[in-house]
file query-v9.pdb (PDB, C-alpha atoms)
ATOM      1  CA  MET A   1      -9.437  53.403  11.529
ATOM      2  CA  ALA A   2      -8.928  54.882   8.111
ATOM      3  CA  ARG A   3      -5.843  56.942   7.280
ATOM      4  CA  ILE A   4      -6.195  59.595   4.617
ATOM      5  CA  GLU A   5      -3.305  61.966   3.816
ATOM      6  CA  GLY A   6      -1.527  60.771   6.952
ATOM      7  CA  VAL A   7      -4.422  61.685   9.276
ATOM      8  CA  GLU A   8      -6.341  59.174  11.401
ATOM      9  CA  ILE A   9     -10.017  59.611  10.550
ATOM     10  CA  PRO A  10     -12.358  59.090  13.564
ATOM     11  CA  ALA A  11     -14.212  55.782  13.311
ATOM     12  CA  ASN A  12     -17.550  56.624  14.943
ATOM     13  CA  LYS A  13     -18.368  59.713  12.892
ATOM     14  CA  ARG A  14     -20.160  60.039   9.580
ATOM     15  CA  ILE A  15     -17.637  60.052   6.735
ATOM     16  CA  GLU A  16     -18.804  63.527   5.631
ATOM     17  CA  ILE A  17     -17.717  64.946   9.016
ATOM     18  CA  ALA A  18     -14.696  62.664   9.476
ATOM     19  CA  LEU A  19     -13.045  63.915   6.273
ATOM     20  CA  THR A  20     -12.989  67.448   7.692
ATOM     21  CA  TYR A  21     -10.291  66.318  10.159
ATOM     22  CA  VAL A  22      -7.850  66.574   7.236
ATOM     23  CA  LEU A  23      -6.428  70.105   6.918
ATOM     24  CA  GLY A  24      -7.719  71.613   3.699
ATOM     25  CA  ILE A  25     -11.005  69.670   3.556
ATOM     26  CA  GLY A  26     -14.182  71.340   4.785
ATOM     27  CA  ARG A  27     -17.805  70.250   4.626
ATOM     28  CA  SER A  28     -18.443  71.271   1.019
ATOM     29  CA  THR A  29     -15.206  69.706  -0.227
ATOM     30  CA  SER A  30     -15.933  66.467   1.635
ATOM     31  CA  GLN A  31     -19.373  66.342   0.006
ATOM     32  CA  LYS A  32     -17.786  66.776  -3.432
ATOM     33  CA  ILE A  33     -15.224  64.036  -2.694
ATOM     34  CA  LEU A  34     -17.930  61.617  -1.555
ATOM     35  CA  GLY A  35     -20.078  62.504  -4.579
ATOM     36  CA  ARG A  36     -17.199  61.674  -6.923
ATOM     37  CA  SER A  37     -16.423  58.431  -5.133
ATOM     38  CA  GLY A  38     -20.096  57.402  -4.940
ATOM     39  CA  ILE A  39     -20.298  56.967  -1.165
ATOM     40  CA  ASP A  40     -23.334  57.884   0.937
ATOM     41  CA  LEU A  41     -22.753  60.888   3.219
ATOM     42  CA  ASN A  42     -24.298  59.137   6.232
ATOM     43  CA  THR A  43     -21.956  56.124   6.148
ATOM     44  CA  LYS A  44     -19.885  55.726   9.315
ATOM     45  CA  THR A  45     -16.123  55.596   8.843
ATOM     46  CA  LYS A  46     -15.855  52.189  10.505
ATOM     47  CA  ASP A  47     -18.319  50.753   7.929
ATOM     48  CA  LEU A  48     -16.154  51.724   4.923
ATOM     49  CA  SER A  49     -14.624  48.952   2.858
ATOM     50  CA  VAL A  50     -11.047  49.079   1.592
ATOM     51  CA  ASP A  51     -12.345  49.761  -1.929
ATOM     52  CA  GLN A  52     -14.356  52.749  -0.687
ATOM     53  CA  GLU A  53     -11.310  54.146   1.159
ATOM     54  CA  ASN A  54      -9.276  53.830  -2.037
ATOM     55  CA  ALA A  55     -12.082  55.539  -3.984
ATOM     56  CA  ILE A  56     -11.904  58.475  -1.554
ATOM     57  CA  ARG A  57      -8.115  58.696  -1.938
ATOM     58  CA  ASP A  58      -8.461  58.585  -5.745
ATOM     59  CA  ALA A  59     -11.122  61.315  -5.701
ATOM     60  CA  ILE A  60      -8.883  63.548  -3.577
ATOM     61  CA  HIS A  61      -5.961  62.915  -5.930
ATOM     62  CA  ASP A  62      -8.096  63.605  -9.035
ATOM     63  CA  MET A  63      -9.357  66.901  -7.615
ATOM     64  CA  GLY A  64      -5.754  68.058  -7.164
ATOM     65  CA  LEU A  65      -6.277  69.394  -3.650
ATOM     66  CA  VAL A  66      -3.403  70.785  -1.590
ATOM     67  CA  LEU A  67      -3.748  69.187   1.843
ATOM     68  CA  GLU A  68      -1.998  68.749   5.207
ATOM     69  CA  GLY A  69       1.807  69.203   5.062
ATOM     70  CA  ASP A  70       1.910  70.899   1.658
ATOM     71  CA  LEU A  71      -0.865  73.300   2.680
ATOM     72  CA  ARG A  72       0.877  74.152   5.967
ATOM     73  CA  LYS A  73       4.115  74.792   4.072
ATOM     74  CA  GLU A  74       2.346  76.998   1.517
ATOM     75  CA  ILE A  75       0.667  79.084   4.242
ATOM     76  CA  THR A  76       3.960  79.503   6.116
ATOM     77  CA  LEU A  77       5.755  80.586   2.938
ATOM     78  CA  ASN A  78       2.995  83.097   2.153
ATOM     79  CA  ILE A  79       3.358  84.650   5.617
ATOM     80  CA  LYS A  80       7.166  84.776   5.281
ATOM     81  CA  ARG A  81       6.812  86.492   1.899
ATOM     82  CA  MET A  82       4.484  89.136   3.354
ATOM     83  CA  VAL A  83       6.914  89.791   6.221
ATOM     84  CA  GLU A  84       9.843  90.077   3.788
ATOM     85  CA  ILE A  85       8.158  92.627   1.540
ATOM     86  CA  LYS A  86       6.994  94.505   4.652
ATOM     87  CA  CYS A  87       3.388  94.825   3.570
ATOM     88  CA  TYR A  88       0.733  95.771   6.139
ATOM     89  CA  ARG A  89      -0.357  92.186   6.762
ATOM     90  CA  GLY A  90       3.249  91.074   7.067
ATOM     91  CA  MET A  91       3.960  93.711   9.699
ATOM     92  CA  ARG A  92       0.862  92.673  11.653
ATOM     93  CA  HIS A  93       2.090  89.060  11.619
ATOM     94  CA  LEU A  94       5.544  90.189  12.733
ATOM     95  CA  ARG A  95       4.171  92.178  15.677
ATOM     96  CA  SER A  96       1.705  89.422  16.686
ATOM     97  CA  LEU A  97      -1.317  91.644  16.171
ATOM     98  CA  PRO A  98      -4.623  90.818  14.448
ATOM     99  CA  VAL A  99      -4.184  90.780  10.682
ATOM    100  CA  ARG A 100      -7.741  91.223   9.455
ATOM    101  CA  GLY A 101      -8.744  94.636  10.753
ATOM    102  CA  GLN A 102     -10.047  93.772  14.223
ATOM    103  CA  ARG A 103      -9.839  96.367  16.982
ATOM    104  CA  THR A 104      -6.966  96.075  19.414
ATOM    105  CA  HIS A 105      -7.722  98.731  22.031
ATOM    106  CA  THR A 106      -9.740  96.418  24.273
ATOM    107  CA  ASN A 107      -9.811  93.005  22.628
ATOM    108  CA  ALA A 108      -7.323  90.815  20.693
ATOM    109  CA  ARG A 109      -6.101  89.018  23.819
ATOM    110  CA  THR A 110      -5.765  85.730  21.945
ATOM    111  CA  ARG A 111      -3.316  87.256  19.497
ATOM    112  CA  LYS A 112      -1.510  89.639  21.875
ATOM    113  CA  GLY A 113      -1.195  87.214  24.791
ATOM    114  CA  PRO A 114      -1.914  87.811  28.485
ATOM    115  CA  ARG A 115      -1.948  91.350  29.826
ATOM    116  CA  ARG A 116       1.217  92.750  31.339
ATOM    117  CA  GLN A 117       0.439  94.058  34.796
ATOM    118  CA  ALA A 118       1.547  97.601  35.443
ATOM    119  CA  ILE A 119       3.187  97.990  38.828
ATOM    120  CA  ALA A 120       1.915 101.135  40.584
ATOM    121  CA  GLY A 121       4.570 103.727  41.344
ATOM    122  CA  LYS A 122       7.344 102.068  39.373
ATOM    123  CA  LYS A 123       8.896 104.067  36.549
ATOM    124  CA  ARG A 124      10.492 102.548  33.511
ATOM    125  CA  PRO A 125      14.280 102.921  33.340
ATOM    126  CA  GLY A 126      15.298 105.862  31.186
ATOM    127  CA  LYS A 127      11.963 107.671  31.590
ATOM    128  CA  LYS A 128      11.701 110.739  33.820
TER     129      LYS A 128
END
call {"tool": "encode", "arguments": {"input": "query-v9.pdb", "output": "structure tokens"}}
result
Amino acid sequence: MARIEGVEIPANKRIEIALTYVLGIGRSTSQKILGRSGIDLNTKTKDLSVDQENAIRDAIHDMGLVLEGDLRKEITLNIKRMVEIKCYRGMRHLRSLPVRGQRTHTNARTRKGPRRQAIAGKKRPGKK
């Protein structure tokens, strides 16, 4: 199995698809990387030689991509900055609500979590 940027690349997939397992590399970026390194898109990962793996690593390095740990850190810092300056998106992150304008009246269960069941006849303390 090939390791690129600290991620185990699946052996039985085409290299074009296998590269997308690295955070920060999508289909179009993987095609550009393989074009620069001169590797066929349909090659299976297990069929790569050591030289081809090194060519892929060099192409990624030459493109100056931010991947995996650095990308995660950058995203986290961006969210922290938005929360600190109390912008709209930062407040949505803070309250665990959808950030990109989705409706929340009926949907958004993934972001809000499971429903809280209301118990019939029970009043909240402090409310009359």
call {"tool": "resolve_selection", "arguments": {"input": "query-v9.pdb", "expression": "the PyMOL selection byres ((chain A and resi 17-30) around 9)", "output": "PyMOL selection string"}}
result
chain A and resi 4-16+31-35+41+44-45+65-69+71-72
call {"tool": "closest_residue", "arguments": {"input": "query-v9.pdb", "among": "A:Met91, A:Ile39, A:Leu97, A:Ile60", "to": "Gly113 in chain A", "atoms": "all atoms listed in the file"}}
result
A:Leu97
call {"tool": "resolve_selection", "arguments": {"input": "query-v9.pdb", "expression": "the PyMOL selection byres ((chain A and resi 90) around 12)", "output": "PyMOL selection string"}}
result
chain A and resi 76-89+91-100
call {"tool": "atom_distance", "arguments": {"input": "query-v9.pdb", "atom1": "CA of His61 in chain A", "atom2": "CA of Ala2 in chain A"}}
result
16.4 Å
call {"tool": "axis_aligned_box", "arguments": {"input": "query-v9.pdb", "around": "range 84-88 of chain A", "padding_each_side": "3 Å", "output": "JSON"}}
result
{"center_x": 5.3, "center_y": 92.9, "center_z": 3.8, "size_x": 15.1, "size_y": 11.7, "size_z": 10.6}
call {"tool": "decode", "arguments": {"input": "query-v9.pdb", "residues": "range 98-110 of chain A", "atoms": "all heavy atoms", "output": "PDB file, in the first residue's frame"}}
result
ATOM      1  N   PRO A  98     -26.879  25.289  11.204  1.00  0.00           N
ATOM      2  CA  PRO A  98     -26.333  25.322   9.847  1.00  0.00           C
ATOM      3  C   PRO A  98     -25.757  26.701   9.523  1.00  0.00           C
ATOM      4  O   PRO A  98     -26.339  27.728   9.885  1.00  0.00           O
ATOM      5  CB  PRO A  98     -27.543  25.020   8.957  1.00  0.00           C
ATOM      6  CG  PRO A  98     -28.496  24.323   9.835  1.00  0.00           C
ATOM      7  CD  PRO A  98     -28.277  24.868  11.203  1.00  0.00           C
ATOM      8  N   VAL A  99     -24.621  26.710   8.840  1.00  0.00           N
ATOM      9  CA  VAL A  99     -23.886  27.941   8.608  1.00  0.00           C
ATOM     10  C   VAL A  99     -24.241  28.562   7.264  1.00  0.00           C
ATOM     11  O   VAL A  99     -24.157  29.770   7.092  1.00  0.00           O
ATOM     12  CB  VAL A  99     -22.365  27.645   8.675  1.00  0.00           C
ATOM     13  CG1 VAL A  99     -21.550  28.867   8.358  1.00  0.00           C
ATOM     14  CG2 VAL A  99     -22.006  27.113  10.032  1.00  0.00           C
ATOM     15  N   ARG A 100     -24.696  27.756   6.322  1.00  0.00           N
ATOM     16  CA  ARG A 100     -24.813  28.238   4.947  1.00  0.00           C
ATOM     17  C   ARG A 100     -26.230  28.536   4.498  1.00  0.00           C
ATOM     18  O   ARG A 100     -26.590  28.306   3.346  1.00  0.00           O
ATOM     19  CB  ARG A 100     -24.178  27.212   4.012  1.00  0.00           C
ATOM     20  CG  ARG A 100     -22.697  27.081   4.286  1.00  0.00           C
ATOM     21  CD  ARG A 100     -22.042  26.159   3.329  1.00  0.00           C
ATOM     22  NE  ARG A 100     -20.607  26.095   3.581  1.00  0.00           N
ATOM     23  CZ  ARG A 100     -19.794  25.350   2.882  1.00  0.00           C
ATOM     24  NH1 ARG A 100     -20.255  24.603   1.913  1.00  0.00           N
ATOM     25  NH2 ARG A 100     -18.514  25.347   3.168  1.00  0.00           N
ATOM     26  N   GLY A 101     -27.077  29.003   5.397  1.00  0.00           N
ATOM     27  CA  GLY A 101     -28.379  29.510   5.001  1.00  0.00           C
ATOM     28  C   GLY A 101     -29.482  28.481   4.874  1.00  0.00           C
ATOM     29  O   GLY A 101     -30.554  28.805   4.359  1.00  0.00           O
ATOM     30  N   GLN A 102     -29.287  27.254   5.335  1.00  0.00           N
ATOM     31  CA  GLN A 102     -30.341  26.256   5.235  1.00  0.00           C
ATOM     32  C   GLN A 102     -31.454  26.572   6.237  1.00  0.00           C
ATOM     33  O   GLN A 102     -31.227  27.227   7.244  1.00  0.00           O
ATOM     34  CB  GLN A 102     -29.801  24.844   5.531  1.00  0.00           C
ATOM     35  CG  GLN A 102     -28.753  24.380   4.561  1.00  0.00           C
ATOM     36  CD  GLN A 102     -27.342  24.701   5.010  1.00  0.00           C
ATOM     37  OE1 GLN A 102     -27.104  25.670   5.714  1.00  0.00           O
ATOM     38  NE2 GLN A 102     -26.392  23.897   4.573  1.00  0.00           N
ATOM     39  N   ARG A 103     -32.633  26.036   5.989  1.00  0.00           N
ATOM     40  CA  ARG A 103     -33.743  26.258   6.911  1.00  0.00           C
ATOM     41  C   ARG A 103     -33.567  25.374   8.144  1.00  0.00           C
ATOM     42  O   ARG A 103     -32.986  24.298   8.071  1.00  0.00           O
ATOM     43  CB  ARG A 103     -35.074  25.978   6.229  1.00  0.00           C
ATOM     44  CG  ARG A 103     -35.383  24.514   6.053  1.00  0.00           C
ATOM     45  CD  ARG A 103     -36.684  24.265   5.346  1.00  0.00           C
ATOM     46  NE  ARG A 103     -37.671  25.251   5.757  1.00  0.00           N
ATOM     47  CZ  ARG A 103     -38.938  24.981   6.015  1.00  0.00           C
ATOM     48  NH1 ARG A 103     -39.366  23.754   5.933  1.00  0.00           N
ATOM     49  NH2 ARG A 103     -39.779  25.923   6.342  1.00  0.00           N
ATOM     50  N   THR A 104     -34.066  25.851   9.264  1.00  0.00           N
ATOM     51  CA  THR A 104     -33.903  25.092  10.497  1.00  0.00           C
ATOM     52  C   THR A 104     -35.230  24.757  11.159  1.00  0.00           C
ATOM     53  O   THR A 104     -35.246  24.084  12.175  1.00  0.00           O
ATOM     54  CB  THR A 104     -33.059  25.886  11.517  1.00  0.00           C
ATOM     55  OG1 THR A 104     -33.686  27.130  11.761  1.00  0.00           O
ATOM     56  CG2 THR A 104     -31.661  26.083  11.003  1.00  0.00           C
ATOM     57  N   HIS A 105     -36.337  25.243  10.611  1.00  0.00           N
ATOM     58  CA  HIS A 105     -37.630  25.004  11.256  1.00  0.00           C
ATOM     59  C   HIS A 105     -37.942  23.513  11.297  1.00  0.00           C
ATOM     60  O   HIS A 105     -38.346  22.988  12.340  1.00  0.00           O
ATOM     61  CB  HIS A 105     -38.730  25.767  10.525  1.00  0.00           C
ATOM     62  CG  HIS A 105     -40.087  25.540  11.110  1.00  0.00           C
ATOM     63  ND1 HIS A 105     -40.443  26.022  12.348  1.00  0.00           N
ATOM     64  CD2 HIS A 105     -41.171  24.858  10.647  1.00  0.00           C
ATOM     65  CE1 HIS A 105     -41.687  25.647  12.612  1.00  0.00           C
ATOM     66  NE2 HIS A 105     -42.157  24.944  11.596  1.00  0.00           N
ATOM     67  N   THR A 106     -37.769  22.823  10.169  1.00  0.00           N
ATOM     68  CA  THR A 106     -38.104  21.396  10.155  1.00  0.00           C
ATOM     69  C   THR A 106     -36.892  20.505   9.972  1.00  0.00           C
ATOM     70  O   THR A 106     -36.893  19.372  10.433  1.00  0.00           O
ATOM     71  CB  THR A 106     -39.100  21.086   9.021  1.00  0.00           C
ATOM     72  OG1 THR A 106     -38.539  21.530   7.794  1.00  0.00           O
ATOM     73  CG2 THR A 106     -40.430  21.737   9.275  1.00  0.00           C
ATOM     74  N   ASN A 107     -35.879  20.975   9.302  1.00  0.00           N
ATOM     75  CA  ASN A 107     -34.738  20.104   8.990  1.00  0.00           C
ATOM     76  C   ASN A 107     -33.545  20.430   9.883  1.00  0.00           C
ATOM     77  O   ASN A 107     -33.715  20.874  10.991  1.00  0.00           O
ATOM     78  CB  ASN A 107     -34.368  20.239   7.513  1.00  0.00           C
ATOM     79  CG  ASN A 107     -35.470  19.717   6.624  1.00  0.00           C
ATOM     80  OD1 ASN A 107     -36.186  18.814   7.015  1.00  0.00           O
ATOM     81  ND2 ASN A 107     -35.621  20.295   5.458  1.00  0.00           N
ATOM     82  N   ALA A 108     -32.346  20.180   9.427  1.00  0.00           N
ATOM     83  CA  ALA A 108     -31.090  20.468  10.129  1.00  0.00           C
ATOM     84  C   ALA A 108     -30.860  19.541  11.311  1.00  0.00           C
ATOM     85  O   ALA A 108     -30.213  19.896  12.272  1.00  0.00           O
ATOM     86  CB  ALA A 108     -31.027  21.921  10.587  1.00  0.00           C
ATOM     87  N   ARG A 109     -31.401  18.323  11.258  1.00  0.00           N
ATOM     88  CA  ARG A 109     -31.229  17.391  12.367  1.00  0.00           C
ATOM     89  C   ARG A 109     -29.779  16.935  12.504  1.00  0.00           C
ATOM     90  O   ARG A 109     -29.312  16.676  13.611  1.00  0.00           O
ATOM     91  CB  ARG A 109     -32.137  16.168  12.197  1.00  0.00           C
ATOM     92  CG  ARG A 109     -33.586  16.498  12.422  1.00  0.00           C
ATOM     93  CD  ARG A 109     -34.080  16.516  13.862  1.00  0.00           C
ATOM     94  NE  ARG A 109     -33.414  17.251  14.870  1.00  0.00           N
ATOM     95  CZ  ARG A 109     -33.906  18.290  15.533  1.00  0.00           C
ATOM     96  NH1 ARG A 109     -35.090  18.766  15.229  1.00  0.00           N
ATOM     97  NH2 ARG A 109     -33.238  18.871  16.488  1.00  0.00           N
ATOM     98  N   THR A 110     -29.056  16.858  11.415  1.00  0.00           N
ATOM     99  CA  THR A 110     -27.659  16.437  11.482  1.00  0.00           C
ATOM    100  C   THR A 110     -26.864  17.428  12.319  1.00  0.00           C
ATOM    101  O   THR A 110     -26.064  17.049  13.167  1.00  0.00           O
ATOM    102  CB  THR A 110     -27.051  16.362  10.078  1.00  0.00           C
ATOM    103  OG1 THR A 110     -27.821  15.439   9.306  1.00  0.00           O
ATOM    104  CG2 THR A 110     -25.615  15.912  10.118  1.00  0.00           C
TER     105      THR A 110
END
